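Visitor: Just one file: start.tsv, with TSV, C-alpha atoms and all ligand atoms.
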chain	number	residue	atom	x	y	z
A	1	MET	CA	159.07	58.49	206.80
A	2	ALA	CA	157.99	54.99	207.82
A	3	ASN	CA	160.15	51.95	207.08
A	4	ILE	CA	158.15	50.56	204.20
A	5	THR	CA	158.83	47.56	202.01
A	6	LEU	CA	157.28	47.29	198.58
A	7	ARG	CA	156.73	43.94	196.87
A	8	ALA	CA	154.56	42.39	194.19
A	9	ALA	CA	151.10	41.48	195.43
A	10	HIS	CA	150.36	37.80	196.02
A	11	PRO	CA	146.90	36.18	195.78
A	12	ASN	CA	147.12	35.63	199.56
A	13	ASP	CA	147.03	39.41	200.00
A	14	ALA	CA	143.49	39.60	198.61
A	15	PRO	CA	141.70	39.60	202.01
A	16	THR	CA	143.86	42.45	203.34
A	17	ILE	CA	143.56	44.40	200.11
A	18	ALA	CA	139.79	43.87	200.15
A	19	ALA	CA	139.65	45.20	203.74
A	20	ILE	CA	141.64	48.34	202.83
A	21	TYR	CA	139.43	48.93	199.79
A	22	ARG	CA	136.26	48.22	201.77
A	23	ALA	CA	136.95	51.16	204.09
A	24	ALA	CA	137.67	53.40	201.11
A	25	VAL	CA	134.43	52.38	199.39
A	26	LEU	CA	132.27	52.79	202.50
A	27	GLU	CA	133.87	55.91	203.98
A	28	GLY	CA	135.48	57.77	201.09
A	29	THR	CA	134.93	59.13	197.61
A	30	ALA	CA	138.01	57.82	195.78
A	31	SER	CA	136.01	54.86	194.48
A	32	PHE	CA	132.62	55.29	192.88
A	33	GLU	CA	131.67	51.77	193.94
A	34	ILE	CA	128.89	51.60	196.53
A	35	GLU	CA	129.11	47.95	197.64
A	36	PRO	CA	132.62	46.81	198.59
A	37	PRO	CA	133.78	43.69	196.74
A	38	ASP	CA	134.63	40.66	198.88
A	39	ALA	CA	138.06	39.03	198.98
A	40	ALA	CA	137.20	36.52	196.23
A	41	GLU	CA	136.12	39.28	193.85
A	42	MET	CA	139.23	41.31	194.77
A	43	ALA	CA	141.39	38.26	194.01
A	44	ARG	CA	139.70	37.96	190.59
A	45	ARG	CA	140.37	41.64	189.84
A	46	MET	CA	144.00	41.31	190.97
A	47	ALA	CA	144.53	38.27	188.75
A	48	ALA	CA	143.05	40.06	185.74
A	49	ILE	CA	145.45	42.98	186.20
A	50	VAL	CA	148.50	40.78	186.73
A	51	ASP	CA	147.53	38.49	183.84
A	52	ALA	CA	147.31	41.55	181.58
A	53	GLY	CA	150.93	42.27	182.55
A	54	TYR	CA	150.46	45.32	184.76
A	55	PRO	CA	152.26	45.76	188.08
A	56	TYR	CA	150.32	45.26	191.31
A	57	LEU	CA	152.27	46.26	194.44
A	58	VAL	CA	151.67	46.07	198.16
A	59	ALA	CA	153.37	48.17	200.84
A	60	GLU	CA	154.32	46.44	204.07
A	61	LEU	CA	154.94	48.19	207.34
A	62	ALA	CA	156.41	45.96	210.06
A	63	GLY	CA	155.42	42.91	208.02
A	64	ALA	CA	151.77	43.91	207.57
A	65	VAL	CA	150.23	45.06	204.30
A	66	THR	CA	149.08	48.64	204.84
A	67	GLY	CA	148.60	49.84	201.29
A	68	TYR	CA	148.55	48.81	197.67
A	69	GLY	CA	148.66	50.22	194.19
A	70	TYR	CA	148.45	48.99	190.65
A	71	LEU	CA	148.40	50.06	187.03
A	72	ASN	CA	145.78	49.19	184.48
A	73	ALA	CA	144.89	50.21	180.95
A	74	TYR	CA	143.64	53.80	180.87
A	75	ARG	CA	141.07	52.74	178.27
A	76	PRO	CA	140.74	49.47	176.37
A	77	ARG	CA	140.89	50.62	172.74
A	78	PRO	CA	144.27	50.03	171.12
A	79	ALA	CA	145.40	53.60	170.47
A	80	TYR	CA	145.39	54.11	174.25
A	81	ARG	CA	147.89	51.32	174.78
A	82	TRP	CA	150.78	53.60	175.76
A	83	SER	CA	148.77	55.12	178.61
A	84	VAL	CA	148.13	53.63	182.03
A	85	GLU	CA	145.86	54.58	184.91
A	86	ASN	CA	147.08	54.22	188.48
A	87	SER	CA	145.16	53.34	191.63
A	88	ILE	CA	146.52	53.59	195.19
A	89	TYR	CA	144.88	52.87	198.52
A	90	VAL	CA	146.45	53.16	201.97
A	91	ALA	CA	144.78	51.88	205.13
A	92	ASN	CA	143.18	54.74	207.07
A	93	GLU	CA	145.41	54.30	210.13
A	94	SER	CA	148.58	54.31	207.99
A	95	GLN	CA	147.90	57.39	205.89
A	96	GLY	CA	150.23	60.37	206.05
A	97	HIS	CA	153.43	58.38	206.56
A	98	GLY	CA	154.75	58.42	203.01
A	99	ILE	CA	153.33	55.07	201.91
A	100	GLY	CA	151.21	56.43	199.08
A	101	ARG	CA	154.15	58.42	197.74
A	102	GLN	CA	156.45	55.39	197.73
A	103	VAL	CA	153.85	53.23	195.98
A	104	LEU	CA	153.17	55.89	193.36
A	105	GLN	CA	156.87	56.52	192.73
A	106	ALA	CA	157.43	52.78	192.26
A	107	LEU	CA	154.53	52.55	189.81
A	108	ILE	CA	155.89	55.53	187.86
A	109	ALA	CA	159.31	53.86	187.65
A	110	LYS	CA	157.84	50.56	186.48
A	111	ALA	CA	155.61	52.21	183.88
A	112	THR	CA	158.53	54.24	182.54
A	113	THR	CA	160.77	51.17	182.28
A	114	ARG	CA	158.04	49.34	180.39
A	115	GLY	CA	157.77	52.13	177.82
A	116	TYR	CA	154.43	53.66	178.73
A	117	ARG	CA	154.22	57.36	177.90
A	118	GLN	CA	151.43	58.78	180.04
A	119	MET	CA	150.06	57.98	183.48
A	120	ILE	CA	146.57	59.15	184.34
A	121	ALA	CA	144.95	59.51	187.73
A	122	VAL	CA	141.16	59.63	187.86
A	123	ILE	CA	140.46	61.04	191.30
A	124	GLY	CA	137.19	60.63	193.15
A	125	ASP	CA	136.01	63.99	194.04
A	126	SER	CA	137.41	67.49	194.03
A	127	ALA	CA	137.53	67.37	197.84
A	128	ASN	CA	140.09	64.52	197.80
A	129	ILE	CA	142.95	66.84	198.70
A	130	ALA	CA	145.25	64.01	199.81
A	131	SER	CA	145.09	62.38	196.39
A	132	THR	CA	145.42	65.56	194.33
A	133	ARG	CA	148.40	66.72	196.46
A	134	LEU	CA	150.03	63.29	196.32
A	135	HIS	CA	149.77	63.26	192.54
A	136	ARG	CA	151.00	66.84	192.19
A	137	ALA	CA	153.95	66.01	194.44
A	138	CYS	CA	154.81	63.15	192.06
A	139	GLY	CA	154.77	65.28	188.92
A	140	PHE	CA	151.13	65.07	187.80
A	141	GLN	CA	149.37	68.09	186.37
A	142	PHE	CA	145.71	68.93	186.60
A	143	CYS	CA	143.79	68.15	183.38
A	144	GLY	CA	140.22	68.88	184.26
A	145	THR	CA	137.15	68.18	186.34
A	146	VAL	CA	133.98	66.48	185.27
A	147	HIS	CA	131.45	67.92	187.65
A	148	ALA	CA	128.82	65.99	189.58
A	149	VAL	CA	129.13	62.72	187.63
A	150	GLY	CA	128.74	60.52	190.69
A	151	PHE	CA	126.20	60.38	193.50
A	152	LYS	CA	127.22	58.63	196.68
A	153	SER	CA	126.62	59.06	200.41
A	154	GLY	CA	123.95	61.65	199.70
A	155	ARG	CA	125.95	64.03	197.54
A	156	TRP	CA	127.17	64.64	194.03
A	157	LEU	CA	130.80	63.80	193.32
A	158	ASP	CA	133.23	65.23	190.77
A	159	SER	CA	135.81	63.25	188.84
A	160	VAL	CA	139.21	64.97	188.62
A	161	THR	CA	141.74	63.90	186.01
A	162	MET	CA	145.50	64.45	186.44
A	163	GLN	CA	148.25	63.33	184.09
A	164	ARG	CA	152.01	62.77	184.13
A	165	PRO	CA	154.23	62.15	181.11
A	166	LEU	CA	156.60	59.18	181.36
A	167	GLY	CA	159.97	58.83	179.66
A	168	ASP	CA	159.95	60.73	176.36
A	169	GLY	CA	156.25	61.54	176.79
A	170	ASP	CA	154.93	62.77	173.46
A	171	THR	CA	158.31	63.88	172.06
A	172	SER	CA	158.98	60.65	170.19
A	173	PRO	CA	156.91	57.75	168.84
A	174	PRO	CA	156.38	54.83	171.21
A	175	THR	CA	158.55	51.76	171.11
A	176	GLN	CA	157.15	48.26	171.48
A	177	ILE	CA	156.59	47.13	175.06
A	178	ALA	CA	158.22	43.74	175.46
A	179	ALA	CA	155.59	41.24	176.59
A	180	SER	CA	158.02	39.96	179.23
A	181	LEU	CA	158.37	43.47	180.69
A	182	ARG	CA	154.72	44.51	180.86
B	201	LIG	C1	145.63	59.44	198.69
B	201	LIG	C2	146.45	58.43	199.51
B	201	LIG	C3	146.77	57.23	198.64
B	201	LIG	C4	147.74	59.12	199.95
B	201	LIG	O1	148.55	58.15	200.62
B	201	LIG	P1	149.38	58.53	201.94
B	201	LIG	O2	150.26	57.42	202.27
B	201	LIG	O3	148.42	58.98	202.98
B	201	LIG	O4	150.20	59.81	201.42
B	201	LIG	P2	151.72	60.18	201.77
B	201	LIG	O5	151.89	60.15	203.25
B	201	LIG	O6	152.62	59.35	200.95
B	201	LIG	O7	151.80	61.69	201.31
B	201	LIG	C5	152.38	62.06	200.08
B	201	LIG	C6	151.95	63.48	199.74
B	201	LIG	O8	150.54	63.49	199.49
B	201	LIG	C7	149.96	64.68	200.05
B	201	LIG	N1	149.03	64.31	201.11
B	201	LIG	C8	148.83	63.06	201.62
B	201	LIG	N2	147.86	63.10	202.54
B	201	LIG	C9	147.44	64.37	202.62
B	201	LIG	C10	146.41	65.03	203.36
B	201	LIG	N3	145.62	64.38	204.23
B	201	LIG	N4	146.23	66.35	203.15
B	201	LIG	C11	147.00	67.02	202.28
B	201	LIG	N5	147.98	66.44	201.53
B	201	LIG	C12	148.18	65.15	201.71
B	201	LIG	C13	151.12	65.51	200.53
B	201	LIG	O9	151.57	66.32	199.47
B	201	LIG	C14	152.14	64.48	200.86
B	201	LIG	O10	153.44	64.96	200.81
B	201	LIG	P3	154.09	65.64	202.12
B	201	LIG	O11	153.87	64.70	203.25
B	201	LIG	O12	155.54	65.80	201.72
B	201	LIG	O13	153.36	66.93	202.28
B	201	LIG	C15	145.68	57.99	200.81
B	201	LIG	O14	145.30	59.15	201.50
B	201	LIG	C16	144.46	57.16	200.52
B	201	LIG	O15	144.55	55.94	200.42
B	201	LIG	N6	143.28	57.83	200.38
B	201	LIG	C17	142.03	57.12	200.12
B	201	LIG	C18	142.01	56.50	198.73
B	201	LIG	C19	142.43	57.45	197.66
B	201	LIG	O16	142.01	58.60	197.59
B	201	LIG	N7	143.28	56.95	196.75
B	201	LIG	C20	143.71	57.66	195.58
B	201	LIG	C21	142.93	57.12	194.41
B	201	LIG	S1	143.29	58.06	192.94
Have the structure of the file written as structure tokens, please.

Guide:
Amino acid sequence: MANITLRAAHPNDAPTIAAIYRAAVLEGTASFEIEPPDAAEMARRMAAIVDAGYPYLVAELAGAVTGYGYLNAYRPRPAYRWSVENSIYVANESQGHGIGRQVLQALIAKATTRGYRQMIAVIGDSANIASTRLHRACGFQFCGTVHAVGFKSGRWLDSVTMQRPLGDGDTSPPTQIAASLR
């Protein structure tokens, strides 16, 4: 496994994060976006996530950012507030070296500490074996597939949902998430 360092994302990382995401948007199916956002838009999105109190991490390999991951609200309505959705992207040339796993494990640990009870992965397309295996390896279970809800690069895409309980899961009521810990 590569010698990876994880740290909180900084606004200065936005251009590198935008470049990693750009390749995923243009060449992959994980994102249902068609036009890649530029670095300024990526910086705005990062700030919104961090300002809402969710973790946003980057993975560095030999001092260079090669992957990133963050949590966000699964859905905005208040009864969903104990559930988070994760997103992880690793640069094409750095995939398969354990970076995605380390980022996901760190996000799971942070979400558990903060008192969230479920983590949800919404995976772009059934053929995204790397993502489904990564999530299964980190304790996620398959929930279901919404078939052919996206159309990109000339073909219909499925949306696969996987889920992992955190902490007590659904075996006890939630406890308040301290604002300082979110
Ligand atoms: C999915 C993704 C984040 C995985 O990151 P990664 O750093 O390449 O994955 P890792 O090297 O940490 O692998 C962890 C586990 O995932 C699975 N996995 C990763 N890549 C795989 C591949 N190409 N084929 C099959 N399984 C794969 C394996 O179970 C692996 O564990 P193992 O090496 O012990 O077998 C990365 O491929 C990626 O960025 N893909 C494009 C964007 C994307 O799909 N993001 C997920 C959005 S939900």

Visitor: Would you mind telling me which residue in A:Ser153, A:Asn92, A:Thr113, A:Thr145 lies nearest to ligand LIG 201 (chain B) when using all atoms listed in the file?

Guide: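 The closest residue to ligand LIG 201 (chain B) is A:Asn92.
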
Visitor: Compile the contact shell of Arg45 of chain A as JSON, numbers by chain: residues with an atom at most 12 Å away, counting only C-alpha atoms, same-chain residues fewer than 5 positions apart removed.

Guide: {"A": [11, 14, 17, 18, 37, 38, 39, 40, 50, 51, 52, 54, 56, 70, 71, 72]}

Visitor: Using C-alpha atoms, can you export the residues from the last selection as a tab-separated table (two decimals), in the frame of the given file?

Guide:
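Contents of the output file selection.tsv:
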chain	number	residue	atom	x	y	z
A	11	PRO	CA	146.90	36.18	195.78
A	14	ALA	CA	143.49	39.60	198.61
A	17	ILE	CA	143.56	44.40	200.11
A	18	ALA	CA	139.79	43.87	200.15
A	37	PRO	CA	133.78	43.69	196.74
A	38	ASP	CA	134.63	40.66	198.88
A	39	ALA	CA	138.06	39.03	198.98
A	40	ALA	CA	137.20	36.52	196.23
A	50	VAL	CA	148.50	40.78	186.73
A	51	ASP	CA	147.53	38.49	183.84
A	52	ALA	CA	147.31	41.55	181.58
A	54	TYR	CA	150.46	45.32	184.76
A	56	TYR	CA	150.32	45.26	191.31
A	70	TYR	CA	148.45	48.99	190.65
A	71	LEU	CA	148.40	50.06	187.03
A	72	ASN	CA	145.78	49.19	184.48

Visitor: For Gln176 of chain A, list every protein, DNA or RNA residue within 10 Å, evaluated using only C-alpha atoms, and leave out those in the same chain fewer than 6 positions away; present the list as a list of chain:residue names.

Guide: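 That gives A:Trp82, A:Arg114, A:Gly115, A:Tyr116.
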
Visitor: Write as a ChimeraX atom specification the residues around ligand LIG 201 (chain B), taking 8 Å as the cut-off and counting all atoms listed in the file.

Guide: /A:24,28-31,67,86-92,94-103,121-124,128-137

Visitor: Tell me, in Å to one decimal, how far atom CA of Glu85 of chain A is from atom CA of Gln163 of chain A.

Guide: 9.1 Å

Visitor: For Leu166 of chain A, list every protein, DNA or RNA residue within 7 Å, evaluated using all atoms listed in the file, and leave out those in the same chain fewer than 2 positions away; present the list as a list in words.

Guide: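 Contacts, with the query itself left out: Thr112, Tyr116, Arg117, Gln118, Met119, Arg164, Asp168 and Gly169 of chain A.
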
Visitor: Could you list, as a PyMOL selection string, every residue within 10 Å of Arg75 of chain A, counting only C-alpha atoms and ignoring same-chain residues fewer than 5 positions away?

Guide: chain A and resi 80-81+83-85

Visitor: Leaving out Leu6 of chain A and any residue of its chain fewer than 3 positions from it, which residues lie within 8 Å of it when counting all atoms listed in the file, given as a list in words?

Guide: Leu57, Val58, Ala59, Glu60 and Val103 of chain A

Visitor: For a quick check of understanding, using only C-alpha atoms, which of A:Gly63, A:Gly69, A:Pro36, A:Pro165 has the smallest distance to Ala9 of chain A?

Guide: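 Residue with the minimum atom-to-atom distance to Ala9 of chain A: A:Gly69.
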
Visitor: Using only C-alpha atoms, which of the listed residues (A:Glu93, A:Ala48, A:Phe32, A:Asp170) sits closest to Leu157 of chain A?

Guide: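 Distance minimum relative to Leu157 of chain A lands on A:Phe32.
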
Visitor: Just to confirm, what's the straight-line distance from atom CA of Arg22 of chain A to atom CA of Arg77 of chain A in Å (one decimal)?

Guide: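 Spanning atom CA of Arg22 of chain A to atom CA of Arg77 of chain A is a straight-line distance of 29.5 Å.
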
Visitor: Given only C-alpha atoms as the basis, pick out the residue of A:Ala73, A:Val146, A:Met162, A:Ala43 nearest to Ala111 of chain A.

Guide: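 Result for the nearest residue to Ala111 of chain A: A:Ala73.
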
Visitor: Quick one: distance from atom CA of Ala106 of chain A to atom CA of Thr5 of chain A in Å, one decimal?

Guide: 11.1 Å

Visitor: Between A:Leu61, A:Gly150, A:Gly53, A:Ser126, which has the minimum distance to Glu33 of chain A (counting all atoms listed in the file)?

Guide: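 Counting all atoms listed in the file, the residue closest to Glu33 of chain A is A:Gly150.
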
Visitor: To test the calculation: enclose all listed atoms of segment 37-51 of chain A in a box whose edges run along x, y and z, add 5 Å on each side, then state centre and edge lengths in Å to one decimal, as JSON.

Guide:
{"center_x": 141.1, "center_y": 40.1, "center_z": 191.4, "size_x": 24.7, "size_y": 17.2, "size_z": 25.1}

Visitor: Could you check the closest approach to Asp125 of chain A for each of A:Gly139, A:Ser159, A:Gln105, A:Ala148 and tell me which residue wins, using all atoms listed in the file?

Guide: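 Of all the options, A:Ser159 lies closest to Asp125 of chain A.
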
Visitor: Because the input lacks atoms here, generate N, CA and C atoms for segment 76-101 of chain A and report them as an mmCIF file, in the frame of the given file.

Guide:
data_model
loop_
_atom_site.group_PDB
_atom_site.id
_atom_site.type_symbol
_atom_site.label_atom_id
_atom_site.label_comp_id
_atom_site.auth_asym_id
_atom_site.auth_seq_id
_atom_site.Cartn_x
_atom_site.Cartn_y
_atom_site.Cartn_z
ATOM 1 N N PRO A 76 140.411 50.724 177.041
ATOM 2 C CA PRO A 76 140.740 49.470 176.370
ATOM 3 C C PRO A 76 141.097 49.574 174.889
ATOM 4 N N ARG A 77 140.676 50.606 174.199
ATOM 5 C CA ARG A 77 140.890 50.620 172.740
ATOM 6 C C ARG A 77 142.379 50.814 172.431
ATOM 7 N N PRO A 78 142.831 50.218 171.302
ATOM 8 C CA PRO A 78 144.270 50.030 171.120
ATOM 9 C C PRO A 78 145.111 51.297 171.033
ATOM 10 N N ALA A 79 144.565 52.395 170.551
ATOM 11 C CA ALA A 79 145.400 53.600 170.470
ATOM 12 C C ALA A 79 145.769 54.141 171.848
ATOM 13 N N TYR A 80 145.067 53.689 172.874
ATOM 14 C CA TYR A 80 145.390 54.110 174.250
ATOM 15 C C TYR A 80 146.485 53.264 174.883
ATOM 16 N N ARG A 81 147.078 52.350 174.113
ATOM 17 C CA ARG A 81 147.890 51.320 174.780
ATOM 18 C C ARG A 81 149.195 51.831 175.374
ATOM 19 N N TRP A 82 149.566 53.048 175.143
ATOM 20 C CA TRP A 82 150.780 53.600 175.760
ATOM 21 C C TRP A 82 150.461 54.390 177.025
ATOM 22 N N SER A 83 149.205 54.357 177.426
ATOM 23 C CA SER A 83 148.770 55.120 178.610
ATOM 24 C C SER A 83 148.258 54.164 179.675
ATOM 25 N N VAL A 84 148.595 54.451 180.914
ATOM 26 C CA VAL A 84 148.130 53.630 182.030
ATOM 27 C C VAL A 84 147.453 54.509 183.074
ATOM 28 N N GLU A 85 146.524 53.900 183.792
ATOM 29 C CA GLU A 85 145.860 54.580 184.910
ATOM 30 C C GLU A 85 146.364 53.943 186.201
ATOM 31 N N ASN A 86 146.625 54.753 187.201
ATOM 32 C CA ASN A 86 147.080 54.220 188.480
ATOM 33 C C ASN A 86 145.980 54.281 189.535
ATOM 34 N N SER A 87 146.059 53.348 190.466
ATOM 35 C CA SER A 87 145.160 53.340 191.630
ATOM 36 C C SER A 87 145.988 53.039 192.863
ATOM 37 N N ILE A 88 145.761 53.769 193.938
ATOM 38 C CA ILE A 88 146.520 53.590 195.190
ATOM 39 C C ILE A 88 145.573 53.735 196.375
ATOM 40 N N TYR A 89 145.691 52.807 197.290
ATOM 41 C CA TYR A 89 144.880 52.870 198.520
ATOM 42 C C TYR A 89 145.767 52.537 199.711
ATOM 43 N N VAL A 90 145.698 53.376 200.736
ATOM 44 C CA VAL A 90 146.450 53.160 201.970
ATOM 45 C C VAL A 90 145.454 53.026 203.108
ATOM 46 N N ALA A 91 145.677 52.068 203.983
ATOM 47 C CA ALA A 91 144.780 51.880 205.130
ATOM 48 C C ALA A 91 144.653 53.176 205.921
ATOM 49 N N ASN A 92 143.440 53.461 206.392
ATOM 50 C CA ASN A 92 143.180 54.740 207.070
ATOM 51 C C ASN A 92 144.219 55.057 208.135
ATOM 52 N N GLU A 93 144.527 54.053 208.977
ATOM 53 C CA GLU A 93 145.410 54.300 210.130
ATOM 54 C C GLU A 93 146.863 54.482 209.715
ATOM 55 N N SER A 94 147.183 54.197 208.455
ATOM 56 C CA SER A 94 148.580 54.310 207.990
ATOM 57 C C SER A 94 148.785 55.477 207.035
ATOM 58 N N GLN A 95 147.750 56.264 206.821
ATOM 59 C CA GLN A 95 147.900 57.390 205.890
ATOM 60 C C GLN A 95 148.768 58.489 206.485
ATOM 61 N N GLY A 96 149.425 59.237 205.610
ATOM 62 C CA GLY A 96 150.230 60.370 206.050
ATOM 63 C C GLY A 96 151.622 60.017 206.496
ATOM 64 N N HIS A 97 152.073 58.802 206.179
ATOM 65 C CA HIS A 97 153.430 58.380 206.560
ATOM 66 C C HIS A 97 154.311 58.089 205.346
ATOM 67 N N GLY A 98 153.904 58.570 204.195
ATOM 68 C CA GLY A 98 154.750 58.420 203.010
ATOM 69 C C GLY A 98 154.536 57.142 202.221
ATOM 70 N N ILE A 99 153.542 56.347 202.606
ATOM 71 C CA ILE A 99 153.330 55.070 201.910
ATOM 72 C C ILE A 99 152.791 55.306 200.500
ATOM 73 N N GLY A 100 151.783 56.155 200.394
ATOM 74 C CA GLY A 100 151.210 56.430 199.080
ATOM 75 C C GLY A 100 152.256 56.964 198.116
ATOM 76 N N ARG A 101 153.106 57.852 198.607
ATOM 77 C CA ARG A 101 154.150 58.420 197.740
ATOM 78 C C ARG A 101 155.104 57.332 197.252
#
